[in-house]
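These notes are about the structure you will find just below.
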Protein chains: 4
Amino acid sequence: MAEDTHRTEGDPAQAAWRQRLYRVIFESDTRAGRRFDQWLIGIILASVLVVVIDSMQGIAPPHRLVFAALEWVFTAAFTLEYVARLACVRHPWRYALSFFGIIDLLALLPTYVALLVPEVHALIDVRVLRLLRVFRVFKLTAYVVEYQSLGRALQASRRKIMVFLSAVLMIVLVMGTLMYVVEGPANGFTSIPTAVYWAITTMTTVGFGDITPKTDLGRLISSAMMLLGWGTLAVPTGIVTAEMTARRFSSAHPARTCPECLTEGHLPEARYCLHCGARLPSLHPVSEEPVP
Amino acid sequence: MAEDTHRTEGDPAQAAWRQRLYRVIFESDTRAGRRFDQWLIGIILASVLVVVIDSMQGIAPPHRLVFAALEWVFTAAFTLEYVARLACVRHPWRYALSFFGIIDLLALLPTYVALLVPEVHALIDVRVLRLLRVFRVFKLTAYVVEYQSLGRALQASRRKIMVFLSAVLMIVLVMGTLMYVVEGPANGFTSIPTAVYWAITTMTTVGFGDITPKTDLGRLISSAMMLLGWGTLAVPTGIVTAEMTARRFSSAHPARTCPECLTEGHLPEARYCLHCGARLPSLHPVSEEPVP
Amino acid sequence: MAEDTHRTEGDPAQAAWRQRLYRVIFESDTRAGRRFDQWLIGIILASVLVVVIDSMQGIAPPHRLVFAALEWVFTAAFTLEYVARLACVRHPWRYALSFFGIIDLLALLPTYVALLVPEVHALIDVRVLRLLRVFRVFKLTAYVVEYQSLGRALQASRRKIMVFLSAVLMIVLVMGTLMYVVEGPANGFTSIPTAVYWAITTMTTVGFGDITPKTDLGRLISSAMMLLGWGTLAVPTGIVTAEMTARRFSSAHPARTCPECLTEGHLPEARYCLHCGARLPSLHPVSEEPVP
Amino acid sequence: MAEDTHRTEGDPAQAAWRQRLYRVIFESDTRAGRRFDQWLIGIILASVLVVVIDSMQGIAPPHRLVFAALEWVFTAAFTLEYVARLACVRHPWRYALSFFGIIDLLALLPTYVALLVPEVHALIDVRVLRLLRVFRVFKLTAYVVEYQSLGRALQASRRKIMVFLSAVLMIVLVMGTLMYVVEGPANGFTSIPTAVYWAITTMTTVGFGDITPKTDLGRLISSAMMLLGWGTLAVPTGIVTAEMTARRFSSAHPARTCPECLTEGHLPEARYCLHCGARLPSLHPVSEEPVP
């Protein structure tokens, strides 16, 4: 998003080379740029696939060796690409700290860290997030924009959501403790954190069933929790739905005002004022409409 | 849907015979056509019932033989009907590739394929989809039309939904991998695909509970997933609800048509046509409006 | 609801007696009628409580005898009441076939049927449905009316909902069969009805987890089912929410029309037309408002 | 909320001291008051953390002793604070019976009661509810107000929700009993309360899976319950969403006030005051409206 423009200062030959590299790597409006993006997508997908298949049981050891080799090849390619990106932007730090800069780095680290801590190895497939760039390549930005605007609307009510979440956290802490006291470790509620995990599981209607109330009192309390949890669950659904309904309506009725009588609320296809019958200005720049 | 009209070319006697067959098989406005449809529904239901009962335990072997025989009878009837349909439409290929043409073929195949691969035998009851024709016979098309228009509206936002789904897929892949690393095969997260299946189970609040987090860190991560999964779940609900609310309101606005240019879709408060500016008849019987 | 008026024909003394009985049993505007209703509620609650407690483990046999005796007392009281109701209404059959008439009968039958089939004994607590009359006694009818109007609105779209439900039934039958073929009896999908039960469990996000996919292919199919089931789940939520939003708005904006310029959409508190400033007719019968 | 103002009657020196104490404890607009609130939050969080960690397995006995000591220190501090609060308000009883007064008392009791009944010890973390005061300290009241207004709106429809809940309770009682009769104690439905707990679990789509139907008839009934439970689940979602959509829209309409009589709440299209019929200023800067 906050990706930087190419570097131009310094030696002009190097600057030209950097600019060409920049256009290939960061932009997708040239043929080379588009081909680069397509190759990148292919390699990301192949690389994630290797990690996924590698995690599955029943892969013979010789194949594992091939997979390990492939992973190093992919990581080398991504490392090279990361260095190239750093080299051709004007403000490397700004890129490195941008959303995609961090994703690009995270996509490299697990392979190196796994030399020390083998367990994190599978985290390599965080590189699937690099596919978010795909939306740019496939001209899907228009659709992303819509979600971004929804996201911005929700972010504007960030504090309101925070208040809601902290209220929910207090409720699940109190309810979880109550169940911990009522049911006790013998029935699976081994500690307060476990009981809180159970309360969240229940309030969100996920209901795994790995821990369940066994006593009559515990079942009574959780029945009340489930019935009242409904209303709680409805609050975020209501926030998002109200936002979307408002968008649905406002996109159907863009504000148009009659220049004569100032009446508002005309339909997009309207050419004459619904109140006084005066001609409305066209919604579109070129407006040579025939006078009937 | 895209069903063809009857063949008329060629020998006139044969053409007449085809036309009669077409009216019986494809249309339901004659008595013969209606009776044919009713028989068809009866045979489809009987045939599905046979497959369902056959799958249940505790059916004595002699009955199984009867069921196998019945199934061949039904399949023979459907095969005959399929050939008849092909014979009487003008463009057999167009019918064969239409939605109902494919359903009709799929309803036959499993019996034949089961000779080679016995396991697929139960798939015969895909023929229940043939009942979709019922909506036509019972004059339910008006109600189907409404869902089709909702479907079209959702299909229009096909790409938007695709963006949403691919974002969800990325999230479940990353979350699944994280849980695979944290919990590991010892706690049931045997591979990344399994962990992704668990993540989908959790995000959609289905929560089977066949795989559940056992470690404290794993439970912390899944608690966060569940609380934040709420908002995600609300997005498709919001899309559908906003669409339906918009429809509910627009259906409350009575259709008004301009007497001059026949344009439709005026707002209730409109006094002049939005297209030609002509005076609209009032919504109310008495319309002598005073000039203010 | 469809309760009958009292009988008046026949011998006048008996008619008067019947009329008095009718007022006590069926109406609650006299003191005797209210006291009768309160006693009835008490007995119903006591009777249901007895059945519930009786079903719990760890009740000593001597208590069970007391419970059995109590149950016969309650049933005798209800039988007497049922006969009295039949005796005092003008059209006994019409009462017997009305909604509450059937409930009243069902509240008696299990005790008698349990003499032959002891298992049904617990069904006695269907008599809790008799408490629906409570809404009348406690003047809650106004709130019930609102749900009834929602119910009527949904009943008006009865066929639309039927089309939706039958589409859902076809989907779960086909998906269940597919899972039955893929997973097979060894993994818990013992028959097609069982697999359909599993599919309904999954589509509605209940997810008991008594039956779960074990193969990779089965998990892939059920993941797709869950992700797409979201949209399906949103349809009934959307229908009800759209209906309620429409009601919320229409109750906020009752239709009022200006008698001068026929402009609509005035707020309930409006006294002057928002468009031409003319005096609006009052919403309330007595309208001696001061002229400013 | 209903917290009292400081006491002023009696000896003036003591009154001044009380007033100072009141400002520190109950208000947060002085430096001392703010610091007091921050310390309080810190101690509450520490105290809850101690209880949570204490409940976890694998804490060595010596640490448990430290925790017990800490808990007594915290409880002593809270007891002192509670007494100080009682001492400085004018009407101690009114404070003691207010929402926060009760919470403050509940936050002390478990430690003392645990001397007699050790099990309730963990309930100490009900003191997390004291954090609700945080909203005041961090100036989050504006966000809380919004939820309070939603809460008030829902409370206004208290009886309507009560009718809904009692209808749901009747349904789950009848369905639970039916399943108790059909499945019986052998399949986990050991009593009617247990079966009702199962029915609530199923209707709210939580679906723990600790109790599940095993017979074909039981599975058929629960499938019907789940499919029809959808619609029921949609009702509270619909209530909350409709309320929020209405709020979302009314907040989109800017407040307009009549310059003559100061009446508020005019619609955007209004040209004349709905109360006194005076001309309203236009929503738009240029307002020379032509007479049509």
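The chains in the structure tokens are called A, B, ... from first to last as shown; in each chain the residues are counted from 1, and the ligands are counted from 1 in the order shown.
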
Distance query Tyr180 of chain A at most 7 Å, only C-alpha atoms, self and fewer than 5 positions along chain excluded, as a ChimeraX atom specification: /A:189,191-192,195

Write the residues you've just listed into a file as a short mmCIF file (atom, residue, chain, number, x, y, z; two decimals), in the first residue's frame, and include all heavy atoms for each of them.
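Writing the result to out-v9.cif gives the following:
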data_model
loop_
_atom_site.label_atom_id
_atom_site.label_comp_id
_atom_site.auth_asym_id
_atom_site.auth_seq_id
_atom_site.Cartn_x
_atom_site.Cartn_y
_atom_site.Cartn_z
N PHE A 189 -13.13 -28.64 34.05
CA PHE A 189 -12.85 -27.21 34.20
C PHE A 189 -11.62 -27.10 35.10
O PHE A 189 -11.72 -26.71 36.26
CB PHE A 189 -14.06 -26.48 34.79
CG PHE A 189 -15.24 -26.48 33.87
CD1 PHE A 189 -16.04 -27.60 33.72
CD2 PHE A 189 -15.55 -25.35 33.12
CE1 PHE A 189 -17.12 -27.60 32.86
CE2 PHE A 189 -16.63 -25.35 32.25
CZ PHE A 189 -17.42 -26.47 32.13
N SER A 191 -8.91 -25.19 35.25
CA SER A 191 -8.38 -23.92 35.75
C SER A 191 -9.28 -22.81 35.23
O SER A 191 -10.14 -23.05 34.37
CB SER A 191 -6.94 -23.71 35.27
OG SER A 191 -6.94 -23.55 33.87
N ILE A 192 -9.08 -21.59 35.74
CA ILE A 192 -9.93 -20.49 35.27
C ILE A 192 -9.70 -20.21 33.78
O ILE A 192 -10.67 -20.07 33.04
CB ILE A 192 -9.72 -19.23 36.15
CG1 ILE A 192 -10.27 -19.52 37.56
CG2 ILE A 192 -10.44 -18.03 35.54
CD1 ILE A 192 -10.20 -18.35 38.51
N ALA A 195 -11.69 -22.59 31.89
CA ALA A 195 -13.13 -22.32 32.01
C ALA A 195 -13.52 -21.12 31.15
O ALA A 195 -14.62 -21.09 30.58
CB ALA A 195 -13.49 -22.08 33.47
#

Shell of 12 Å around Val73 of chain D, only C-alpha atoms, local chain residues under 6 positions omitted, as number ranges by chain: D: 43-44, 46-47, 50, 66-67, 79-80, 108, 111

Write a file of the selected residues as a compact mmCIF listing (two decimals), in the first residue's frame, keeping all heavy atoms.
# COMPACT_ATOMS: atom_id res chain seq x y z
N ILE D 43 -4.49 -2.52 41.14
CA ILE D 43 -4.70 -3.53 42.18
C ILE D 43 -5.76 -4.54 41.77
O ILE D 43 -5.61 -5.74 41.99
CB ILE D 43 -5.09 -2.83 43.52
CG1 ILE D 43 -3.90 -1.99 44.02
CG2 ILE D 43 -5.47 -3.86 44.57
CD1 ILE D 43 -4.18 -1.26 45.31
N ILE D 44 -6.83 -4.06 41.11
CA ILE D 44 -7.89 -4.99 40.67
C ILE D 44 -7.29 -6.00 39.71
O ILE D 44 -7.47 -7.22 39.85
CB ILE D 44 -9.05 -4.23 40.00
CG1 ILE D 44 -9.82 -3.40 41.03
CG2 ILE D 44 -9.99 -5.19 39.30
CD1 ILE D 44 -10.81 -2.42 40.43
N ALA D 46 -4.12 -6.90 39.27
CA ALA D 46 -3.18 -7.78 39.96
C ALA D 46 -3.92 -8.85 40.74
O ALA D 46 -3.57 -10.03 40.70
CB ALA D 46 -2.29 -6.95 40.89
N SER D 47 -4.98 -8.41 41.43
CA SER D 47 -5.74 -9.32 42.27
C SER D 47 -6.42 -10.41 41.45
O SER D 47 -6.42 -11.59 41.82
CB SER D 47 -6.76 -8.50 43.05
OG SER D 47 -7.92 -9.19 43.28
N VAL D 50 -3.82 -12.89 40.21
CA VAL D 50 -3.41 -13.83 41.26
C VAL D 50 -4.40 -14.98 41.35
O VAL D 50 -4.02 -16.15 41.40
CB VAL D 50 -3.30 -13.09 42.62
CG1 VAL D 50 -3.31 -14.07 43.77
CG2 VAL D 50 -2.02 -12.26 42.64
N VAL D 66 2.41 -17.64 49.00
CA VAL D 66 2.58 -16.24 48.61
C VAL D 66 1.27 -15.68 48.07
O VAL D 66 0.83 -14.57 48.40
CB VAL D 66 3.70 -16.10 47.55
CG1 VAL D 66 3.79 -14.66 47.06
CG2 VAL D 66 5.02 -16.59 48.10
N PHE D 67 0.61 -16.47 47.21
CA PHE D 67 -0.65 -16.03 46.60
C PHE D 67 -1.71 -15.79 47.67
O PHE D 67 -2.44 -14.79 47.62
CB PHE D 67 -1.15 -17.06 45.60
CG PHE D 67 -0.39 -17.02 44.30
CD1 PHE D 67 -0.53 -18.02 43.36
CD2 PHE D 67 0.46 -15.96 44.01
CE1 PHE D 67 0.16 -17.98 42.16
CE2 PHE D 67 1.16 -15.91 42.81
CZ PHE D 67 1.01 -16.93 41.89
N THR D 79 -11.33 -3.81 51.45
CA THR D 79 -12.24 -3.62 52.59
C THR D 79 -12.11 -2.19 53.11
O THR D 79 -13.12 -1.50 53.33
CB THR D 79 -11.89 -4.61 53.70
OG1 THR D 79 -11.84 -5.91 53.14
CG2 THR D 79 -12.92 -4.58 54.81
N LEU D 80 -10.85 -1.75 53.26
CA LEU D 80 -10.59 -0.38 53.70
C LEU D 80 -11.26 0.62 52.77
O LEU D 80 -11.93 1.57 53.21
CB LEU D 80 -9.08 -0.14 53.68
CG LEU D 80 -8.54 0.70 54.82
CD1 LEU D 80 -8.38 -0.18 56.07
CD2 LEU D 80 -7.21 1.33 54.44
N LEU D 108 -15.42 -8.26 47.86
CA LEU D 108 -14.77 -8.55 49.15
C LEU D 108 -15.17 -9.91 49.69
O LEU D 108 -14.36 -10.66 50.23
CB LEU D 108 -15.20 -7.53 50.20
CG LEU D 108 -14.96 -6.07 49.92
CD1 LEU D 108 -15.60 -5.25 51.02
CD2 LEU D 108 -13.46 -5.83 49.84
N THR D 111 -13.42 -13.83 49.74
CA THR D 111 -12.27 -14.16 50.58
C THR D 111 -12.71 -14.53 51.99
O THR D 111 -12.22 -15.51 52.58
CB THR D 111 -11.30 -12.96 50.66
OG1 THR D 111 -11.13 -12.42 49.35
CG2 THR D 111 -9.94 -13.40 51.19

Distance filter 7 Å, only C-alpha atoms, chain D against chain C, as a VMD selection string: chain D and resid 160 170 174 177 to 178 181 191 to 193 202 205 to 209 212 219 223 226 231 234 to 235 238 to 239 241 to 242 270 to 277

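Going from atom CA of Ala32 of chain B over to atom CA of Arg18 of chain B, you cover 14.5 Å.
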
Contacts of Glu183 of chain B at 9 Å (only C-alpha atoms; same-chain gap of 2+ positions) as a short mmCIF file (atom, residue, chain, number, x, y, z; two decimals) with N, CA, C and O atoms, in the first residue's frame:
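Final output, saved to part_19.cif:
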data_model
loop_
_atom_site.label_atom_id
_atom_site.label_comp_id
_atom_site.auth_asym_id
_atom_site.auth_seq_id
_atom_site.Cartn_x
_atom_site.Cartn_y
_atom_site.Cartn_z
N LEU B 178 -0.63 -22.02 12.07
CA LEU B 178 -0.21 -21.57 13.39
C LEU B 178 -0.59 -22.62 14.44
O LEU B 178 0.21 -22.99 15.31
N MET B 179 -1.83 -23.11 14.37
CA MET B 179 -2.30 -24.10 15.33
C MET B 179 -1.54 -25.42 15.15
O MET B 179 -1.27 -26.13 16.12
N TYR B 180 -1.20 -25.77 13.89
CA TYR B 180 -0.43 -26.98 13.62
C TYR B 180 0.93 -26.89 14.29
O TYR B 180 1.42 -27.86 14.90
N VAL B 181 1.54 -25.70 14.24
CA VAL B 181 2.84 -25.50 14.88
C VAL B 181 2.70 -25.53 16.40
O VAL B 181 3.50 -26.15 17.10
N PRO B 185 1.06 -32.67 15.91
CA PRO B 185 0.33 -33.92 15.63
C PRO B 185 -0.11 -34.65 16.91
O PRO B 185 -1.13 -35.35 16.89
N ALA B 186 0.59 -34.47 18.02
CA ALA B 186 0.23 -35.20 19.24
C ALA B 186 -1.16 -34.82 19.73
O ALA B 186 -1.85 -35.63 20.35
N ASN B 187 -1.59 -33.59 19.44
CA ASN B 187 -2.90 -33.14 19.92
C ASN B 187 -3.97 -33.19 18.84
O ASN B 187 -4.99 -32.52 18.95
N GLY B 188 -3.74 -33.94 17.77
CA GLY B 188 -4.77 -34.14 16.76
C GLY B 188 -4.60 -33.29 15.52
O GLY B 188 -5.26 -33.53 14.51
N PHE B 189 -3.73 -32.29 15.56
CA PHE B 189 -3.50 -31.47 14.38
C PHE B 189 -2.41 -32.17 13.56
O PHE B 189 -1.27 -31.73 13.50
N PRO B 213 -8.02 -27.84 20.64
CA PRO B 213 -6.74 -27.44 21.22
C PRO B 213 -6.60 -27.99 22.64
O PRO B 213 -7.56 -27.99 23.41
N LYS B 214 -5.39 -28.45 22.98
CA LYS B 214 -5.16 -28.99 24.31
C LYS B 214 -4.22 -28.09 25.12
O LYS B 214 -4.31 -28.06 26.35
N THR B 215 -3.32 -27.37 24.46
CA THR B 215 -2.37 -26.54 25.18
C THR B 215 -2.99 -25.20 25.52
O THR B 215 -3.96 -24.77 24.89
N LEU B 217 -1.64 -22.21 25.10
CA LEU B 217 -1.43 -21.25 24.02
C LEU B 217 -2.43 -21.50 22.89
O LEU B 217 -3.03 -20.56 22.34
N GLY B 218 -2.62 -22.78 22.55
CA GLY B 218 -3.57 -23.12 21.49
C GLY B 218 -4.97 -22.65 21.83
O GLY B 218 -5.71 -22.17 20.96
#

Atomic distance atom CA of Phe26 of chain D - atom CA of Ala114 of chain D, expressed in Å with one decimal: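 That distance, rounded to one decimal, is 29.2 Å.
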
d(atom CA of Ala16 of chain B, atom CA of Ile41 of chain B) in Å: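 For atom CA of Ala16 of chain B relative to atom CA of Ile41 of chain B, the distance reads 26.5 Å.
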